[in-house]
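Source file: query_17.tsv. Holds: TSV, C-alpha atoms and all ligand atoms.
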```tsv
chain	number	residue	atom	x	y	z
R	1113	MET	CA	22.56	32.97	24.25
R	1114	THR	CA	24.49	30.00	22.80
R	1115	THR	CA	25.61	29.77	19.19
R	1116	LYS	CA	26.62	26.46	17.64
R	1117	HIS	CA	28.06	25.90	14.20
R	1118	TYR	CA	27.49	22.87	11.95
R	1119	ASP	CA	28.64	21.93	8.47
R	1120	TYR	CA	25.10	20.79	7.69
R	1121	LEU	CA	21.72	21.45	9.25
R	1122	LEU	CA	19.06	18.99	8.11
R	1123	VAL	CA	15.33	19.53	8.54
R	1124	GLY	CA	13.41	16.23	8.83
R	1125	GLN	CA	14.34	12.84	10.19
R	1126	GLY	CA	12.29	10.68	7.83
R	1127	LEU	CA	14.01	8.30	5.45
R	1128	ALA	CA	15.58	11.14	3.41
R	1129	GLY	CA	16.98	13.12	6.35
R	1130	SER	CA	18.18	10.01	8.18
R	1131	LEU	CA	20.16	8.58	5.28
R	1132	LEU	CA	21.59	11.94	4.22
R	1133	GLY	CA	22.58	12.75	7.81
R	1134	TYR	CA	24.14	9.32	8.23
R	1135	SER	CA	26.19	9.63	5.07
R	1136	LEU	CA	27.46	13.09	6.05
R	1137	ALA	CA	28.28	12.03	9.61
R	1138	LYS	CA	30.14	8.93	8.35
R	1139	ARG	CA	32.33	11.17	6.22
R	1140	GLY	CA	33.22	13.26	9.23
R	1141	TYR	CA	31.03	16.34	8.74
R	1142	SER	CA	29.32	17.95	11.70
R	1143	ILE	CA	25.55	17.78	11.38
R	1144	MET	CA	22.43	18.70	13.31
R	1145	VAL	CA	19.11	17.06	12.42
R	1146	LEU	CA	15.90	18.88	13.35
R	1147	ASP	CA	12.53	17.15	13.65
R	1148	ASN	CA	9.74	17.72	16.13
R	1149	TYR	CA	8.19	14.25	15.58
R	1150	GLU	CA	4.69	15.62	16.01
R	1151	GLN	CA	3.50	15.62	12.44
R	1152	PRO	CA	2.90	12.29	10.73
R	1153	SER	CA	5.57	11.07	8.32
R	1154	SER	CA	5.33	9.01	5.15
R	1155	SER	CA	8.22	6.80	6.25
R	1156	ARG	CA	6.31	5.66	9.33
R	1157	VAL	CA	3.34	4.50	7.25
R	1158	ALA	CA	5.27	2.94	4.35
R	1159	ALA	CA	5.35	-0.80	3.77
R	1160	GLY	CA	9.04	-0.43	2.94
R	1161	ILE	CA	9.13	-2.65	-0.14
R	1162	TYR	CA	11.98	-2.52	-2.62
R	1163	ASN	CA	11.45	-4.40	-5.85
R	1164	PRO	CA	13.24	-4.19	-9.22
R	1165	VAL	CA	10.30	-5.35	-11.37
R	1166	THR	CA	7.40	-2.90	-11.37
R	1167	GLY	CA	4.36	-1.56	-13.17
R	1168	ARG	CA	1.47	-3.32	-14.84
R	1169	LYS	CA	3.77	-4.65	-17.54
R	1170	LEU	CA	6.25	-5.99	-15.00
R	1171	VAL	CA	9.28	-4.22	-16.42
R	1172	LYS	CA	12.66	-3.56	-14.85
R	1173	THR	CA	12.42	-0.35	-12.87
R	1174	TRP	CA	14.33	2.89	-13.47
R	1175	LEU	CA	18.07	2.57	-12.62
R	1176	ALA	CA	17.57	-1.02	-11.40
R	1177	ASP	CA	21.07	-2.10	-12.51
R	1178	ALA	CA	22.76	0.68	-10.55
R	1179	ILE	CA	20.54	0.72	-7.50
R	1180	PHE	CA	19.56	-2.80	-6.57
R	1181	PRO	CA	22.93	-4.56	-6.26
R	1182	PHE	CA	23.98	-1.70	-3.95
R	1183	LEU	CA	20.94	-1.94	-1.65
R	1184	LYS	CA	21.75	-5.24	0.00
R	1185	THR	CA	25.23	-4.17	1.04
R	1186	TYR	CA	23.95	-0.80	2.15
R	1187	TYR	CA	21.14	-1.95	4.42
R	1188	THR	CA	23.14	-4.91	5.77
R	1189	GLU	CA	25.91	-2.58	6.87
R	1190	LEU	CA	23.37	-0.15	8.28
R	1191	GLU	CA	21.83	-2.91	10.40
R	1192	LYS	CA	25.27	-3.67	11.84
R	1193	GLU	CA	25.96	-0.02	12.53
R	1194	LEU	CA	22.57	0.65	14.17
R	1195	GLY	CA	22.34	-2.75	15.93
R	1196	LYS	CA	18.76	-3.51	14.80
R	1197	ASN	CA	17.26	-6.05	12.41
R	1198	PHE	CA	15.07	-4.07	10.03
R	1199	PHE	CA	16.21	-5.39	6.61
R	1200	HIS	CA	14.20	-8.31	5.20
R	1201	PRO	CA	15.35	-9.55	1.79
R	1202	MET	CA	12.49	-11.60	0.35
R	1203	GLN	CA	11.48	-12.81	-3.10
R	1204	MET	CA	8.34	-11.38	-4.62
R	1205	PHE	CA	5.93	-13.45	-6.69
R	1206	ARG	CA	4.09	-11.43	-9.33
R	1207	PRO	CA	1.37	-13.50	-11.00
R	1208	PHE	CA	0.67	-12.56	-14.62
R	1209	PRO	CA	-2.54	-10.50	-14.52
R	1210	ASN	CA	-3.70	-11.84	-17.91
R	1211	GLN	CA	-2.62	-13.80	-20.98
R	1212	GLU	CA	-1.70	-10.60	-22.82
R	1213	VAL	CA	0.95	-9.60	-20.29
R	1214	LYS	CA	2.22	-13.15	-20.13
R	1215	ASP	CA	2.55	-13.34	-23.94
R	1216	PHE	CA	4.21	-9.93	-24.05
R	1217	LEU	CA	6.78	-10.88	-21.47
R	1218	LEU	CA	7.57	-14.26	-22.92
R	1219	GLN	CA	7.66	-13.15	-26.57
R	1220	GLU	CA	9.57	-9.95	-26.01
R	1221	THR	CA	11.96	-11.90	-23.84
R	1222	ALA	CA	11.49	-9.16	-21.27
R	1223	VAL	CA	11.84	-11.78	-18.57
R	1224	ALA	CA	15.23	-12.68	-20.02
R	1225	ASN	CA	16.15	-8.98	-19.79
R	1226	TYR	CA	15.58	-9.00	-16.06
R	1227	GLY	CA	19.00	-10.62	-15.66
R	1228	ASP	CA	19.21	-11.95	-12.14
R	1229	PHE	CA	16.38	-9.66	-10.92
R	1230	GLY	CA	13.65	-12.14	-11.77
R	1231	LYS	CA	12.56	-15.16	-13.74
R	1232	TYR	CA	9.47	-16.91	-15.04
R	1233	HIS	CA	7.95	-18.93	-12.23
R	1234	THR	CA	5.42	-21.73	-12.06
R	1235	PRO	CA	4.10	-21.75	-8.51
R	1236	ASP	CA	4.30	-24.95	-6.49
R	1237	GLU	CA	1.30	-26.47	-4.70
R	1238	SER	CA	2.00	-24.57	-1.50
R	1239	LEU	CA	1.97	-21.17	-3.23
R	1240	LYS	CA	-1.03	-22.16	-5.38
R	1241	SER	CA	-3.01	-22.94	-2.23
R	1242	VAL	CA	-2.70	-19.28	-1.16
R	1243	VAL	CA	-2.40	-17.22	-4.38
R	1244	LYS	CA	-4.57	-17.28	-7.50
R	1245	SER	CA	-1.92	-17.86	-10.12
R	1246	GLU	CA	-3.17	-20.09	-12.94
R	1247	LEU	CA	-0.98	-18.34	-15.54
R	1248	GLY	CA	2.23	-18.49	-13.56
R	1249	GLY	CA	4.17	-15.31	-13.04
R	1250	VAL	CA	7.52	-13.73	-12.32
R	1251	MET	CA	9.56	-14.35	-9.19
R	1252	THR	CA	11.87	-11.45	-8.40
R	1253	ASP	CA	15.18	-11.49	-6.61
R	1254	HIS	CA	16.93	-8.46	-5.11
R	1255	SER	CA	13.59	-7.59	-3.53
R	1256	GLY	CA	12.39	-7.37	0.07
R	1257	TRP	CA	11.21	-4.86	2.59
R	1258	VAL	CA	12.66	-2.57	5.23
R	1259	ASP	CA	10.92	-2.01	8.57
R	1260	LEU	CA	11.13	1.77	8.34
R	1261	PRO	CA	9.66	2.69	11.76
R	1262	LEU	CA	12.20	0.40	13.43
R	1263	MET	CA	15.03	1.80	11.32
R	1264	LEU	CA	14.02	5.42	12.01
R	1265	ASP	CA	13.85	4.74	15.77
R	1266	ALA	CA	17.35	3.25	15.54
R	1267	PHE	CA	18.55	6.33	13.64
R	1268	ARG	CA	17.00	8.58	16.23
R	1269	GLU	CA	19.00	6.81	18.94
R	1270	TYR	CA	22.14	6.98	16.77
R	1271	PHE	CA	21.79	10.74	16.22
R	1272	GLU	CA	20.93	11.31	19.88
R	1273	LYS	CA	24.05	9.46	21.00
R	1274	LYS	CA	26.14	11.62	18.70
R	1275	GLN	CA	24.34	14.70	20.05
R	1276	CYS	CA	23.26	15.75	16.63
R	1277	LEU	CA	19.50	15.68	16.99
R	1278	LEU	CA	17.25	18.51	18.08
R	1279	GLN	CA	13.56	17.91	18.71
R	1280	HIS	CA	12.21	21.06	17.17
R	1281	LEU	CA	9.66	22.30	14.62
R	1282	PHE	CA	11.66	24.29	12.10
R	1283	ASP	CA	10.14	27.76	11.65
R	1284	TYR	CA	11.13	29.62	8.44
R	1285	GLN	CA	10.78	32.93	10.34
R	1286	GLY	CA	13.88	32.02	12.33
R	1287	LEU	CA	16.04	31.72	9.21
R	1288	HIS	CA	18.49	34.51	8.37
R	1289	LEU	CA	19.98	33.73	4.99
R	1290	GLU	CA	22.32	36.73	4.99
R	1291	ASN	CA	24.49	35.19	7.71
R	1292	ASN	CA	23.60	31.47	7.47
R	1293	THR	CA	21.88	31.53	10.82
R	1294	TYR	CA	18.87	29.81	12.23
R	1295	GLN	CA	17.44	31.18	15.46
R	1296	VAL	CA	15.98	28.20	17.36
R	1297	ASN	CA	14.74	30.31	20.30
R	1298	ASN	CA	15.98	33.09	22.61
R	1299	GLU	CA	18.70	30.81	23.99
R	1300	LEU	CA	20.01	28.98	20.95
R	1301	THR	CA	21.26	30.03	17.50
R	1302	LEU	CA	22.57	27.59	14.91
R	1303	THR	CA	24.90	28.57	12.11
R	1304	TYR	CA	25.60	26.36	9.13
R	1305	ASN	CA	27.50	25.98	5.90
R	1306	LYS	CA	24.49	24.35	4.24
R	1307	LEU	CA	20.89	23.85	5.33
R	1308	ILE	CA	19.18	20.91	3.64
R	1309	PHE	CA	15.43	20.42	3.74
R	1310	CYS	CA	14.25	16.79	3.90
R	1311	GLU	CA	10.65	17.57	4.79
R	1312	GLY	CA	8.77	15.05	2.66
R	1313	PHE	CA	5.15	16.11	2.00
R	1314	TYR	CA	5.61	19.31	4.05
R	1315	GLY	CA	8.22	20.54	1.56
R	1316	ARG	CA	5.52	22.01	-0.61
R	1317	ASN	CA	4.85	24.63	2.10
R	1318	ASN	CA	8.51	25.62	2.28
R	1319	PRO	CA	8.68	29.24	1.03
R	1320	TYR	CA	12.06	28.60	-0.63
R	1321	PHE	CA	11.05	25.43	-2.48
R	1322	SER	CA	7.28	25.63	-2.90
R	1323	TRP	CA	7.77	26.34	-6.65
R	1324	LEU	CA	8.92	22.75	-7.20
R	1325	PRO	CA	6.37	20.49	-8.93
R	1326	PHE	CA	5.38	18.29	-6.01
R	1327	ASN	CA	2.55	15.89	-6.68
R	1328	PRO	CA	1.78	14.19	-3.36
R	1329	VAL	CA	-0.13	10.91	-3.33
R	1330	LYS	CA	-2.14	9.63	-0.42
R	1331	GLY	CA	-1.82	5.92	0.34
R	1332	GLU	CA	-3.40	3.46	2.76
R	1333	VAL	CA	-2.16	0.12	4.07
R	1334	LEU	CA	-3.57	-2.62	6.28
R	1335	ARG	CA	-2.06	-5.02	8.76
R	1336	VAL	CA	-4.10	-8.21	8.64
R	1337	LYS	CA	-4.26	-11.58	10.37
R	1338	PHE	CA	-4.76	-14.80	8.39
R	1339	LYS	CA	-7.77	-16.69	9.70
R	1340	GLU	CA	-6.10	-20.05	9.06
R	1341	ASP	CA	-2.55	-21.38	9.22
R	1342	ILE	CA	-0.88	-20.72	5.89
R	1343	SER	CA	2.62	-21.00	4.58
R	1344	LEU	CA	3.66	-17.91	2.62
R	1345	LYS	CA	7.37	-17.25	2.31
R	1346	GLU	CA	7.35	-14.72	-0.52
R	1347	MET	CA	5.76	-11.31	-0.96
R	1348	VAL	CA	2.98	-11.36	-3.54
R	1349	ASN	CA	2.04	-8.43	-5.77
R	1350	GLN	CA	-0.65	-7.97	-8.37
R	1351	GLY	CA	-2.93	-4.97	-7.90
R	1352	VAL	CA	-2.06	-5.08	-4.19
R	1353	PHE	CA	1.00	-6.28	-2.36
R	1354	VAL	CA	0.98	-8.79	0.47
R	1355	ILE	CA	4.02	-8.98	2.75
R	1356	PRO	CA	4.08	-11.99	5.08
R	1357	LEU	CA	4.91	-10.96	8.66
R	1358	PRO	CA	5.62	-13.18	11.69
R	1359	ASN	CA	2.78	-14.75	13.72
R	1360	GLY	CA	0.31	-15.25	10.86
R	1361	ARG	CA	0.13	-11.55	10.01
R	1362	ALA	CA	0.63	-9.69	6.72
R	1363	ARG	CA	0.84	-6.15	5.43
R	1364	VAL	CA	-1.53	-5.39	2.53
R	1365	GLY	CA	-1.38	-2.24	0.42
R	1366	ALA	CA	-1.46	0.22	-1.02
R	1367	THR	CA	-3.99	2.68	-2.42
R	1368	TYR	CA	-3.16	5.75	-4.51
R	1369	SER	CA	-5.17	8.96	-4.30
R	1370	TRP	CA	-4.26	12.46	-5.48
R	1371	HIS	CA	-7.17	14.00	-3.53
R	1372	ASP	CA	-7.90	14.45	0.18
R	1373	LEU	CA	-4.24	14.69	1.05
R	1374	ASP	CA	-4.56	13.90	4.74
R	1375	TRP	CA	-3.39	11.13	7.04
R	1376	ILE	CA	-6.82	9.71	7.81
R	1377	PRO	CA	-7.69	6.08	6.98
R	1378	THR	CA	-10.93	5.77	5.01
R	1379	GLU	CA	-13.66	3.15	4.56
R	1380	LYS	CA	-13.12	3.41	0.81
R	1381	GLY	CA	-9.39	2.72	1.12
R	1382	ARG	CA	-10.05	-0.34	3.23
R	1383	ALA	CA	-12.77	-1.64	0.88
R	1384	ASP	CA	-10.55	-1.14	-2.21
R	1385	LEU	CA	-7.69	-3.01	-0.62
R	1386	LEU	CA	-9.88	-5.89	0.52
R	1387	GLU	CA	-11.49	-6.19	-2.90
R	1388	LYS	CA	-8.10	-6.37	-4.61
R	1389	TYR	CA	-6.78	-8.73	-1.95
R	1390	ASN	CA	-9.68	-11.12	-2.55
R	1391	LYS	CA	-9.02	-11.09	-6.30
R	1392	LEU	CA	-5.43	-12.13	-5.72
R	1393	MET	CA	-5.39	-14.32	-2.63
R	1394	LEU	CA	-7.26	-17.38	-1.40
R	1395	ALA	CA	-6.58	-17.11	2.34
R	1396	ASP	CA	-9.21	-15.36	4.48
R	1397	ILE	CA	-8.07	-12.44	6.61
R	1398	GLU	CA	-9.26	-10.03	9.25
R	1399	VAL	CA	-8.04	-6.43	9.45
R	1400	GLU	CA	-6.14	-5.46	12.59
R	1401	GLU	CA	-4.83	-2.03	11.68
R	1402	GLN	CA	-5.24	0.57	8.94
R	1403	LEU	CA	-2.83	3.44	8.30
R	1404	ALA	CA	-2.80	6.34	5.86
R	1405	GLY	CA	0.00	8.62	4.72
R	1406	VAL	CA	1.08	10.96	1.97
R	1407	ARG	CA	3.93	10.04	-0.36
R	1408	PRO	CA	6.17	12.97	-1.31
R	1409	ALA	CA	5.92	12.39	-5.06
R	1410	THR	CA	6.71	14.74	-7.95
R	1411	LYS	CA	5.13	15.45	-11.32
R	1412	ASP	CA	7.91	13.70	-13.28
R	1413	ARG	CA	8.11	10.88	-10.70
R	1414	ARG	CA	11.77	11.48	-9.97
R	1415	PRO	CA	13.39	12.66	-6.73
R	1416	ILE	CA	14.48	16.27	-6.34
R	1417	VAL	CA	18.05	16.72	-5.21
R	1418	GLY	CA	20.33	19.74	-5.13
R	1419	LEU	CA	20.78	23.36	-4.12
R	1420	HIS	CA	18.46	26.33	-4.45
R	1421	PRO	CA	19.08	28.22	-7.75
R	1422	LEU	CA	19.64	31.52	-5.92
R	1423	TYR	CA	20.47	30.64	-2.29
R	1424	HIS	CA	23.32	28.17	-2.69
R	1425	ASN	CA	23.46	27.40	1.02
R	1426	LEU	CA	19.96	25.91	0.93
R	1427	GLY	CA	19.39	22.42	-0.42
R	1428	VAL	CA	16.62	19.90	-0.84
R	1429	PHE	CA	16.38	16.11	-0.73
R	1430	ASN	CA	12.79	15.20	-1.44
R	1431	GLY	CA	10.40	13.65	-3.98
R	1432	LEU	CA	11.16	10.04	-3.10
R	1433	GLY	CA	7.58	9.15	-4.05
R	1434	SER	CA	6.62	5.52	-3.62
R	1435	LYS	CA	10.17	4.20	-3.95
R	1436	GLY	CA	12.06	5.82	-1.10
R	1437	VAL	CA	13.53	2.59	0.19
R	1438	SER	CA	15.31	1.81	-3.08
R	1439	LEU	CA	16.12	5.39	-4.15
R	1440	ALA	CA	17.16	7.07	-0.90
R	1441	PRO	CA	20.43	5.17	-0.21
R	1442	TYR	CA	21.75	5.72	-3.75
R	1443	PHE	CA	20.79	9.38	-3.99
R	1444	ALA	CA	21.83	10.24	-0.43
R	1445	GLU	CA	25.33	9.04	-1.37
R	1446	GLN	CA	25.19	10.87	-4.69
R	1447	PHE	CA	24.05	14.09	-3.00
R	1448	VAL	CA	26.91	13.92	-0.52
R	1449	ASP	CA	29.40	13.35	-3.34
R	1450	PHE	CA	27.96	16.43	-5.03
R	1451	LEU	CA	28.11	18.51	-1.85
R	1452	VAL	CA	31.59	17.57	-0.73
R	1453	ASN	CA	33.39	16.40	-3.90
R	1454	LYS	CA	31.57	18.55	-6.48
R	1455	LYS	CA	30.56	15.44	-8.42
R	1456	GLU	CA	27.69	15.75	-10.90
R	1457	LEU	CA	24.15	14.91	-9.89
R	1458	ASP	CA	22.15	12.66	-12.17
R	1459	PRO	CA	20.34	15.19	-14.43
R	1460	GLU	CA	17.08	13.27	-13.91
R	1461	VAL	CA	17.07	14.13	-10.19
R	1462	ASN	CA	18.96	17.43	-10.26
R	1463	ILE	CA	16.81	20.33	-9.06
R	1464	ASN	CA	18.23	22.34	-11.98
R	1465	ARG	CA	15.79	20.63	-14.32
R	1466	PHE	CA	13.13	22.90	-12.82
R	1467	GLY	CA	15.14	26.12	-13.09
R	1468	SER	CA	12.62	27.65	-15.52
R	1469	LEU	CA	9.81	27.15	-12.95
R	1470	TYR	CA	11.79	29.15	-10.42
R	1471	LEU	CA	12.43	31.97	-12.87
R	1472	GLY	CA	8.75	31.88	-13.89
R	1473	GLN	CA	7.45	32.30	-10.35
R	1474	LYS	CA	9.96	35.09	-9.66
R	1475	GLN	CA	8.78	37.03	-12.70
R	1476	SER	CA	5.06	36.59	-11.98
P	1	LIG	C1	0.85	4.05	2.24
P	1	LIG	C2	2.27	4.22	1.83
P	1	LIG	C3	3.00	3.10	1.44
P	1	LIG	C4	4.31	3.24	1.03
P	1	LIG	N1	5.02	2.12	0.70
P	1	LIG	C5	6.28	2.23	0.31
P	1	LIG	C6	7.02	1.06	-0.04
P	1	LIG	O1	6.54	-0.06	0.05
P	1	LIG	N2	8.31	1.23	-0.46
P	1	LIG	C7	8.89	2.47	-0.56
P	1	LIG	O2	10.04	2.55	-0.97
P	1	LIG	N3	8.21	3.59	-0.22
P	1	LIG	C8	6.92	3.48	0.19
P	1	LIG	N4	6.23	4.61	0.53
P	1	LIG	C9	6.88	5.93	0.30
P	1	LIG	C10	7.88	6.28	1.40
P	1	LIG	O3	7.18	6.45	2.60
P	1	LIG	C11	8.61	7.58	1.00
P	1	LIG	O4	9.28	7.43	-0.23
P	1	LIG	C12	9.67	8.00	2.03
P	1	LIG	O5	9.44	7.44	3.27
P	1	LIG	C13	9.71	9.52	2.15
P	1	LIG	O6	10.62	9.89	3.14
P	1	LIG	P1	10.92	11.42	3.46
P	1	LIG	O7	11.97	11.42	4.50
P	1	LIG	O8	11.15	12.18	2.21
P	1	LIG	O9	9.54	11.97	4.06
P	1	LIG	P2	8.87	11.71	5.50
P	1	LIG	O10	9.02	10.29	5.88
P	1	LIG	O11	7.48	12.24	5.44
P	1	LIG	O12	9.73	12.55	6.50
P	1	LIG	C14	9.68	13.96	6.56
P	1	LIG	C15	10.12	14.35	7.95
P	1	LIG	O13	10.30	15.76	7.98
P	1	LIG	C16	9.81	16.25	9.20
P	1	LIG	N5	9.50	17.66	9.02
P	1	LIG	C17	8.80	18.24	8.02
P	1	LIG	N6	8.72	19.56	8.20
P	1	LIG	C18	9.39	19.84	9.35
P	1	LIG	C19	9.66	21.04	10.08
P	1	LIG	N7	9.23	22.25	9.67
P	1	LIG	N8	10.38	20.95	11.23
P	1	LIG	C20	10.82	19.76	11.67
P	1	LIG	N9	10.61	18.60	11.02
P	1	LIG	C21	9.89	18.63	9.87
P	1	LIG	C22	8.57	15.39	9.47
P	1	LIG	O14	8.24	15.40	10.84
P	1	LIG	C23	9.07	14.03	9.02
P	1	LIG	O15	9.68	13.30	10.05
P	1	LIG	C24	4.92	4.52	0.99
P	1	LIG	C25	4.21	5.62	1.43
P	1	LIG	C26	2.90	5.49	1.84
P	1	LIG	C27	2.15	6.70	2.31
```

Rewrite the coordinates I just gave you, this time as structure tokens.
Amino acid sequence: MTTKHYDYLLVGQGLAGSLLGYSLAKRGYSIMVLDNYEQPSSSRVAAGIYNPVTGRKLVKTWLADAIFPFLKTYYTELEKELGKNFFHPMQMFRPFPNQEVKDFLLQETAVANYGDFGKYHTPDESLKSVVKSELGGVMTDHSGWVDLPLMLDAFREYFEKKQCLLQHLFDYQGLHLENNTYQVNNELTLTYNKLIFCEGFYGRNNPYFSWLPFNPVKGEVLRVKFKEDISLKEMVNQGVFVIPLPNGRARVGATYSWHDLDWIPTEKGRADLLEKYNKLMLADIEVEEQLAGVRPATKDRRPIVGLHPLYHNLGVFNGLGSKGVSLAPYFAEQFVDFLVNKKELDPEVNINRFGSLYLGQKQS
């Protein structure tokens, strides 16, 4: 029997576990990341968009001023460290959906409030030949997309090289909280100072954290091929997003469904996406691939970060919802500062905001 000790054990090597593990390793802490890679993961389905101007009213997103300037530096450095090109800064054109939204944005000077995140944009002939955009729209900066599957593969290699990755399905039966021990099998025991769960959608089955108000959302995306040669340099978003990819391809998405929380692509999802695509775009396409996944969202649409109210050696980094690419770098760093420097967590993400739910389920 071998016993190994780590400062941090992390369960899950999706976006959350990868960035948290990276931040801890960079600061010199010993880590072990556990993932068996057999269940599907949200990160491997995601389109990977980050975008500071969101919602039907095209407003600046939550924490945009803090998060977005930081993203470019973060992912650029990560690319250098991991030796792969997965970060694709790209403007996003958001046509006004109707005159009402256009009037609202221009009169309320909301566009002016974007700062350097976006500005009013009249499309040129080239863009007009591909996108229906009679009313003009907003062109955002500090936007783009991250090729998450490529980045996660690079992280897997990085953790493997550092010998801090174990291909293993974490089983709660093997956990012994009284002595901070996790029994992997008959040959291997891991001990830890803290065990952090980064399980995405599967977190809601975790017996220590299932009381948290998860609200998972199924989503579907397509990879399509343009039937003709077109020139599209920006992402486009109105009802659906379209991300131009090399070789005349694009990613189109995404649907939102709070039912049938499985990973199976549906006819309905495909039809919805194509209908919305045809309302927005002029270029004909054919579908090459369809994927489905479940976003680990929460009822208040904020991440959940922090330590268990009773078992202070157990933590959670979850609830990234549909904005993992923009939120994960910032909150992974914040979580590490909390863990190692005792800095405060943002109250809007701190698990403590749900303390009463934990007490409630204990009493019932
Ligand atoms: C269709 C779709 C489109 C999306 N588009 C975007 C987008 O454009 N931009 C954006 O920012 N976000 C997008 N998202 C959301 C994004 O995918 C998530 O915010 C983020 O990837 C969640 O990462 P995670 O690490 O929390 O979860 P996951 O990626 O699901 O990772 C969880 C990991 O934990 C592992 N795990 C779980 N339980 C165990 C266990 N017991 N033992 C071992 N391992 C375990 C799993 O194998 C998995 O690898 C999209 C999601 C979907 C479904």

task: Select, from R:Leu1146, R:Val1406, R:Leu1277, R:Ala1395, the residue with the minimum atom-to-atom distance to Val1333 in chain R, counting all atoms listed in the file.
output: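 Going through R:Leu1146, R:Val1406, R:Leu1277, R:Ala1395 one by one, the smallest distance to Val1333 in chain R is for R:Val1406.
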
Given 6 Å and all atoms listed in the file, residues near ligand LIG 1 (chain P) as a ChimeraX atom specification: /R:1123-1129,1146-1149,1151,1153-1155,1157-1162,1280-1283,1310-1314,1330-1333,1366,1404-1407,1430,1432-1438

Point (26.2, 26.8, 5.8), cut-off 7 Å, counting only C-alpha atoms, residues as a tab-separated table (two decimals) with C-alpha atoms, keeping the file's coordinate frame:
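That gives us point17.tsv:
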```
chain	number	residue	atom	x	y	z
R	1119	ASP	CA	28.64	21.93	8.47
R	1120	TYR	CA	25.10	20.79	7.69
R	1292	ASN	CA	23.60	31.47	7.47
R	1303	THR	CA	24.90	28.57	12.11
R	1304	TYR	CA	25.60	26.36	9.13
R	1305	ASN	CA	27.50	25.98	5.90
R	1306	LYS	CA	24.49	24.35	4.24
R	1307	LEU	CA	20.89	23.85	5.33
R	1425	ASN	CA	23.46	27.40	1.02
```

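Taking only C-alpha atoms into account, Leu1132 in chain R lies nearest to R:Phe1267 out of the set R:Tyr1284, R:Tyr1423, R:Phe1267, R:Phe1353.
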
Counting all atoms listed in the file, the residue of R:Leu1239, R:Leu1471, R:Ile1416, R:Leu1262 that sits nearest Gly1195 in chain R: R:Leu1262

task: Compile the contact shell of Pro1356 in chain R as a list in words: residues with an atom at most 8 Å away, counting all atoms listed in the file, same-chain residues fewer than 3 positions apart removed.
output: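 The residues that qualify are Leu1344, Lys1345, Glu1346, Met1347, Gly1360, Arg1361, Ala1362 and Arg1363 of chain R.
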
task: Enter the distance from CA of Thr1410 in chain R to CA of Val1329 in chain R, in Å, rounded to one decimal.
output: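 Between CA of Thr1410 in chain R and CA of Val1329 in chain R the gap works out to 9.1 Å.
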
query: Pick from R:Phe1466, R:Asn1210, R:Ile1376, R:Trp1257: nearest to Leu1357 in chain R, with all atoms listed in the file counted?
result: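 Distance minimum relative to Leu1357 in chain R lands on R:Trp1257.
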
field: Among the residues R:Gly1227, R:Ala1137, R:Gly1418, R:Gly1427, the one that comes closest to Gln1446 in chain R [using all atoms listed in the file]
entry: R:Gly1418

Expected answer as a list in words: all residues with atoms within 12 Å of (23.4, 26.0, 23.4), only C-alpha atoms: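 These residues have at least one counted atom within 12 Å: Met1113, Thr1114, Thr1115, Lys1116, His1117, Gln1275, Leu1278, Gln1295, Val1296, Asn1297, Asn1298, Glu1299, Leu1300, Thr1301, Leu1302 and Thr1303 of chain R.
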
List every residue of range 1367-1429 of chain R that has an atom at most 12 Å from any atom of range 1172-1177 of chain R, and for each one report the closest atom pair and its distance in Å to one decimal, counting all atoms listed in the file, with rows sorted by chain and then by increasing residue number, as JSON lines.
```
{"residue": "R:Arg1413", "atom": "CA", "partner": "R:Trp1174", "partner_atom": "CA", "distance": 10.5}
{"residue": "R:Arg1414", "atom": "CA", "partner": "R:Trp1174", "partner_atom": "CA", "distance": 9.6}
{"residue": "R:Pro1415", "atom": "CA", "partner": "R:Trp1174", "partner_atom": "CA", "distance": 11.9}
```

query: Which one of R:Leu1324, R:Leu1439, R:Leu1217, R:Leu1264 sits closest to Pro1164 in chain R if you count all atoms listed in the file?
result: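 Smallest separation from Pro1164 in chain R among the options: R:Leu1439.
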
message: Using all atoms listed in the file, which protein or nucleic acid residues come within 9 Å of Phe1321 in chain R? Drop anything in the same chain fewer than 5 positions from it, and give the result as a ChimeraX atom specification.
response: /R:1315-1316,1420,1428,1470

Export, as a PDB file, keeping the file's coordinate frame, the selected residues with C-alpha atoms.
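Output file result-v1.pdb follows:
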```pdb
ATOM      1  CA  GLY R1315       8.220  20.540   1.560  1.00  0.00           C
ATOM      2  CA  ARG R1316       5.520  22.010  -0.610  1.00  0.00           C
ATOM      3  CA  HIS R1420      18.460  26.330  -4.450  1.00  0.00           C
ATOM      4  CA  VAL R1428      16.620  19.900  -0.840  1.00  0.00           C
ATOM      5  CA  TYR R1470      11.790  29.150 -10.420  1.00  0.00           C
TER       6      TYR R1470
END
```

Around all listed atoms of range 1396-1414 of chain R, padded 4 Å per side, what centre and edge lengths does the axis-aligned box have in Å to one decimal, as lines of an AutoDock Vina configuration file?
```
center_x = 1.3
center_y = 0.0
center_z = -0.3
size_x = 29.0
size_y = 38.8
size_z = 33.9
```
